[in-house]
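See below for work30.pdb, which holds PDB, N, CA and C atoms, pLDDT in the B column.
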ATOM      1  N   MET A   1      12.875  25.865 -41.447  1.00 52.00           N
ATOM      2  CA  MET A   1      11.901  25.252 -42.308  1.00 52.00           C
ATOM      3  C   MET A   1      12.570  24.136 -43.098  1.00 52.00           C
ATOM      4  N   LEU A   2      11.882  23.050 -43.260  1.00 54.00           N
ATOM      5  CA  LEU A   2      12.407  21.895 -43.968  1.00 54.00           C
ATOM      6  C   LEU A   2      12.375  22.150 -45.472  1.00 54.00           C
ATOM      7  N   PRO A   3      13.519  22.061 -46.113  1.00 60.00           N
ATOM      8  CA  PRO A   3      13.515  22.303 -47.561  1.00 60.00           C
ATOM      9  C   PRO A   3      12.784  21.186 -48.298  1.00 60.00           C
ATOM     10  N   LEU A   4      11.915  21.572 -49.204  1.00 64.00           N
ATOM     11  CA  LEU A   4      11.140  20.590 -49.968  1.00 64.00           C
ATOM     12  C   LEU A   4      11.775  20.278 -51.315  1.00 64.00           C
ATOM     13  N   GLY A   5      12.513  21.203 -51.861  1.00 74.00           N
ATOM     14  CA  GLY A   5      13.176  20.958 -53.129  1.00 74.00           C
ATOM     15  C   GLY A   5      12.605  21.784 -54.253  1.00 74.00           C
ATOM     16  N   HIS A   6      12.922  21.344 -55.451  1.00 76.00           N
ATOM     17  CA  HIS A   6      12.505  22.045 -56.655  1.00 76.00           C
ATOM     18  C   HIS A   6      11.729  21.087 -57.558  1.00 76.00           C
ATOM     19  N   ILE A   7      10.720  21.611 -58.202  1.00 75.00           N
ATOM     20  CA  ILE A   7       9.994  20.852 -59.207  1.00 75.00           C
ATOM     21  C   ILE A   7      10.119  21.623 -60.505  1.00 75.00           C
ATOM     22  N   ALA A   8      10.715  21.001 -61.496  1.00 79.00           N
ATOM     23  CA  ALA A   8      10.961  21.618 -62.801  1.00 79.00           C
ATOM     24  C   ALA A   8      11.703  22.947 -62.654  1.00 79.00           C
ATOM     25  N   GLY A   9      12.639  23.003 -61.720  1.00 77.00           N
ATOM     26  CA  GLY A   9      13.456  24.194 -61.539  1.00 77.00           C
ATOM     27  C   GLY A   9      12.813  25.299 -60.730  1.00 77.00           C
ATOM     28  N   ILE A  10      11.586  25.089 -60.260  1.00 77.00           N
ATOM     29  CA  ILE A  10      10.881  26.108 -59.479  1.00 77.00           C
ATOM     30  C   ILE A  10      10.956  25.721 -58.003  1.00 77.00           C
ATOM     31  N   PRO A  11      11.440  26.616 -57.140  1.00 83.00           N
ATOM     32  CA  PRO A  11      11.504  26.295 -55.711  1.00 83.00           C
ATOM     33  C   PRO A  11      10.095  26.141 -55.112  1.00 83.00           C
ATOM     34  N   VAL A  12       9.835  25.006 -54.518  1.00 80.00           N
ATOM     35  CA  VAL A  12       8.514  24.674 -54.008  1.00 80.00           C
ATOM     36  C   VAL A  12       8.123  25.579 -52.845  1.00 80.00           C
ATOM     37  N   GLU A  13       9.050  25.852 -51.929  1.00 80.00           N
ATOM     38  CA  GLU A  13       8.727  26.643 -50.744  1.00 80.00           C
ATOM     39  C   GLU A  13       8.271  28.049 -51.122  1.00 80.00           C
ATOM     40  N   GLU A  14       9.048  28.710 -51.978  1.00 83.00           N
ATOM     41  CA  GLU A  14       8.718  30.081 -52.353  1.00 83.00           C
ATOM     42  C   GLU A  14       7.416  30.135 -53.148  1.00 83.00           C
ATOM     43  N   THR A  15       7.183  29.146 -53.976  1.00 82.00           N
ATOM     44  CA  THR A  15       5.950  29.113 -54.758  1.00 82.00           C
ATOM     45  C   THR A  15       4.741  28.953 -53.847  1.00 82.00           C
ATOM     46  N   ALA A  16       4.826  28.037 -52.899  1.00 82.00           N
ATOM     47  CA  ALA A  16       3.710  27.815 -51.978  1.00 82.00           C
ATOM     48  C   ALA A  16       3.475  29.038 -51.094  1.00 82.00           C
ATOM     49  N   LEU A  17       4.548  29.659 -50.619  1.00 86.00           N
ATOM     50  CA  LEU A  17       4.410  30.821 -49.742  1.00 86.00           C
ATOM     51  C   LEU A  17       3.948  32.069 -50.492  1.00 86.00           C
ATOM     52  N   SER A  18       4.136  32.099 -51.803  1.00 89.00           N
ATOM     53  CA  SER A  18       3.690  33.266 -52.566  1.00 89.00           C
ATOM     54  C   SER A  18       2.171  33.343 -52.630  1.00 89.00           C
ATOM     55  N   PHE A  19       1.480  32.250 -52.370  1.00 91.00           N
ATOM     56  CA  PHE A  19       0.020  32.248 -52.361  1.00 91.00           C
ATOM     57  C   PHE A  19      -0.557  32.703 -51.026  1.00 91.00           C
ATOM     58  N   GLY A  20       0.259  32.932 -50.030  1.00 92.00           N
ATOM     59  CA  GLY A  20      -0.199  33.346 -48.709  1.00 92.00           C
ATOM     60  C   GLY A  20      -1.059  34.598 -48.707  1.00 92.00           C
ATOM     61  N   PRO A  21      -0.600  35.701 -49.301  1.00 93.00           N
ATOM     62  CA  PRO A  21      -1.428  36.913 -49.312  1.00 93.00           C
ATOM     63  C   PRO A  21      -2.759  36.726 -50.035  1.00 93.00           C
ATOM     64  N   VAL A  22      -2.751  35.950 -51.111  1.00 95.00           N
ATOM     65  CA  VAL A  22      -3.997  35.700 -51.855  1.00 95.00           C
ATOM     66  C   VAL A  22      -4.973  34.911 -50.985  1.00 95.00           C
ATOM     67  N   LEU A  23      -4.467  33.913 -50.291  1.00 94.00           N
ATOM     68  CA  LEU A  23      -5.327  33.104 -49.429  1.00 94.00           C
ATOM     69  C   LEU A  23      -5.870  33.927 -48.262  1.00 94.00           C
ATOM     70  N   LEU A  24      -5.049  34.785 -47.694  1.00 95.00           N
ATOM     71  CA  LEU A  24      -5.515  35.637 -46.601  1.00 95.00           C
ATOM     72  C   LEU A  24      -6.594  36.610 -47.068  1.00 95.00           C
ATOM     73  N   ALA A  25      -6.393  37.201 -48.230  1.00 97.00           N
ATOM     74  CA  ALA A  25      -7.373  38.151 -48.750  1.00 97.00           C
ATOM     75  C   ALA A  25      -8.689  37.451 -49.083  1.00 97.00           C
ATOM     76  N   SER A  26      -8.615  36.301 -49.734  1.00 97.00           N
ATOM     77  CA  SER A  26      -9.845  35.589 -50.088  1.00 97.00           C
ATOM     78  C   SER A  26     -10.550  35.072 -48.837  1.00 97.00           C
ATOM     79  N   GLY A  27      -9.793  34.682 -47.829  1.00 96.00           N
ATOM     80  CA  GLY A  27     -10.401  34.269 -46.567  1.00 96.00           C
ATOM     81  C   GLY A  27     -11.104  35.422 -45.881  1.00 96.00           C
ATOM     82  N   GLY A  28     -10.518  36.604 -45.955  1.00 97.00           N
ATOM     83  CA  GLY A  28     -11.152  37.783 -45.374  1.00 97.00           C
ATOM     84  C   GLY A  28     -12.444  38.149 -46.082  1.00 97.00           C
ATOM     85  N   VAL A  29     -12.428  38.082 -47.402  1.00 97.00           N
ATOM     86  CA  VAL A  29     -13.640  38.380 -48.179  1.00 97.00           C
ATOM     87  C   VAL A  29     -14.727  37.356 -47.878  1.00 97.00           C
ATOM     88  N   LEU A  30     -14.339  36.089 -47.814  1.00 97.00           N
ATOM     89  CA  LEU A  30     -15.301  35.042 -47.485  1.00 97.00           C
ATOM     90  C   LEU A  30     -15.901  35.267 -46.103  1.00 97.00           C
ATOM     91  N   GLY A  31     -15.075  35.637 -45.137  1.00 97.00           N
ATOM     92  CA  GLY A  31     -15.566  35.915 -43.792  1.00 97.00           C
ATOM     93  C   GLY A  31     -16.553  37.074 -43.757  1.00 97.00           C
ATOM     94  N   LEU A  32     -16.265  38.127 -44.517  1.00 97.00           N
ATOM     95  CA  LEU A  32     -17.176  39.266 -44.568  1.00 97.00           C
ATOM     96  C   LEU A  32     -18.505  38.892 -45.207  1.00 97.00           C
ATOM     97  N   LYS A  33     -18.452  38.098 -46.272  1.00 97.00           N
ATOM     98  CA  LYS A  33     -19.689  37.670 -46.931  1.00 97.00           C
ATOM     99  C   LYS A  33     -20.533  36.793 -46.016  1.00 97.00           C
ATOM    100  N   LEU A  34     -19.879  35.882 -45.307  1.00 97.00           N
ATOM    101  CA  LEU A  34     -20.618  35.011 -44.389  1.00 97.00           C
ATOM    102  C   LEU A  34     -21.231  35.812 -43.245  1.00 97.00           C
ATOM    103  N   ARG A  35     -20.493  36.785 -42.736  1.00 97.00           N
ATOM    104  CA  ARG A  35     -21.013  37.605 -41.643  1.00 97.00           C
ATOM    105  C   ARG A  35     -22.214  38.429 -42.107  1.00 97.00           C
ATOM    106  N   ASP A  36     -22.132  38.963 -43.333  1.00 96.00           N
ATOM    107  CA  ASP A  36     -23.243  39.732 -43.883  1.00 96.00           C
ATOM    108  C   ASP A  36     -24.469  38.849 -44.084  1.00 96.00           C
ATOM    109  N   ARG A  37     -24.266  37.669 -44.628  1.00 96.00           N
ATOM    110  CA  ARG A  37     -25.380  36.747 -44.855  1.00 96.00           C
ATOM    111  C   ARG A  37     -26.024  36.335 -43.527  1.00 96.00           C
ATOM    112  N   TRP A  38     -25.194  36.063 -42.527  1.00 96.00           N
ATOM    113  CA  TRP A  38     -25.706  35.669 -41.216  1.00 96.00           C
ATOM    114  C   TRP A  38     -26.503  36.811 -40.574  1.00 96.00           C
ATOM    115  N   ALA A  39     -26.034  38.045 -40.759  1.00 94.00           N
ATOM    116  CA  ALA A  39     -26.750  39.202 -40.203  1.00 94.00           C
ATOM    117  C   ALA A  39     -28.118  39.344 -40.874  1.00 94.00           C
ATOM    118  N   ARG A  40     -28.183  39.117 -42.194  1.00 93.00           N
ATOM    119  CA  ARG A  40     -29.470  39.197 -42.898  1.00 93.00           C
ATOM    120  C   ARG A  40     -30.430  38.122 -42.407  1.00 93.00           C
ATOM    121  N   VAL A  41     -29.928  36.923 -42.174  1.00 92.00           N
ATOM    122  CA  VAL A  41     -30.769  35.835 -41.673  1.00 92.00           C
ATOM    123  C   VAL A  41     -31.295  36.177 -40.282  1.00 92.00           C
ATOM    124  N   ARG A  42     -30.451  36.722 -39.433  1.00 91.00           N
ATOM    125  CA  ARG A  42     -30.876  37.089 -38.076  1.00 91.00           C
ATOM    126  C   ARG A  42     -31.911  38.204 -38.102  1.00 91.00           C
ATOM    127  N   ARG A  43     -31.736  39.182 -39.022  1.00 90.00           N
ATOM    128  CA  ARG A  43     -32.722  40.259 -39.135  1.00 90.00           C
ATOM    129  C   ARG A  43     -34.076  39.727 -39.575  1.00 90.00           C
ATOM    130  N   ARG A  44     -34.082  38.785 -40.500  1.00 88.00           N
ATOM    131  CA  ARG A  44     -35.341  38.204 -40.961  1.00 88.00           C
ATOM    132  C   ARG A  44     -36.051  37.459 -39.833  1.00 88.00           C
ATOM    133  N   ARG A  45     -35.281  36.747 -39.017  1.00 87.00           N
ATOM    134  CA  ARG A  45     -35.878  35.993 -37.920  1.00 87.00           C
ATOM    135  C   ARG A  45     -36.474  36.914 -36.859  1.00 87.00           C
ATOM    136  N   THR A  46     -35.832  38.044 -36.605  1.00 84.00           N
ATOM    137  CA  THR A  46     -36.350  38.949 -35.566  1.00 84.00           C
ATOM    138  C   THR A  46     -37.566  39.724 -36.064  1.00 84.00           C
ATOM    139  N   ARG A  47     -37.673  39.943 -37.390  1.00 75.00           N
ATOM    140  CA  ARG A  47     -38.832  40.638 -37.937  1.00 75.00           C
ATOM    141  C   ARG A  47     -40.085  39.768 -37.903  1.00 75.00           C
ATOM    142  N   ASP A  48     -39.917  38.481 -38.111  1.00 63.00           N
ATOM    143  CA  ASP A  48     -41.079  37.568 -38.159  1.00 63.00           C
ATOM    144  C   ASP A  48     -41.690  37.314 -36.818  1.00 63.00           C
TER
END
Target format structure tokens, applied to this file:
Amino acid sequence: MLPLGHIAGIPVEETALSFGPVLLASGGVLGLKLRDRWARVRRRRTRD
């Protein structure tokens, strides 16, 4: 991995990579919400 350096004494690589689990979790929640919303829309269309 290409070293990016430090900003104000904080290593940029480790800081950016520390957000990985948060981004994965929020992406998973977003995916579940979208899938649920899409299922509700499909159910409404089949009922009509």
Just how far from atom N of A:Leu24 is atom C of A:Ala8, in Å to one decimal?
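Computed distance, atom C of A:Ala8 to atom N of A:Leu24, equals 25.4 Å.
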As JSON, please: the centre and edge lengths in Å, to one decimal, of an axis-aligned box enclosing every listed atom of stretch 28-42 of chain A with 5 Å added on each side.
{"center_x": -21.2, "center_y": 37.4, "center_z": -43.1, "size_x": 31.4, "size_y": 14.7, "size_z": 20.1}
For the strand (DSSP E or B) assignment from backbone DSSP, which residues of chain A qualify? Please present them as a PyMOL selection string.
chain A and resi 6-7+10-11
What is the distance between atom C of A:Pro21 and atom C of A:Ala39, in Å to one decimal?
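It comes out at 27.1 Å.
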What is the distance between atom C of A:Gly31 and atom N of A:Arg43, in Å to one decimal?
16.0 Å
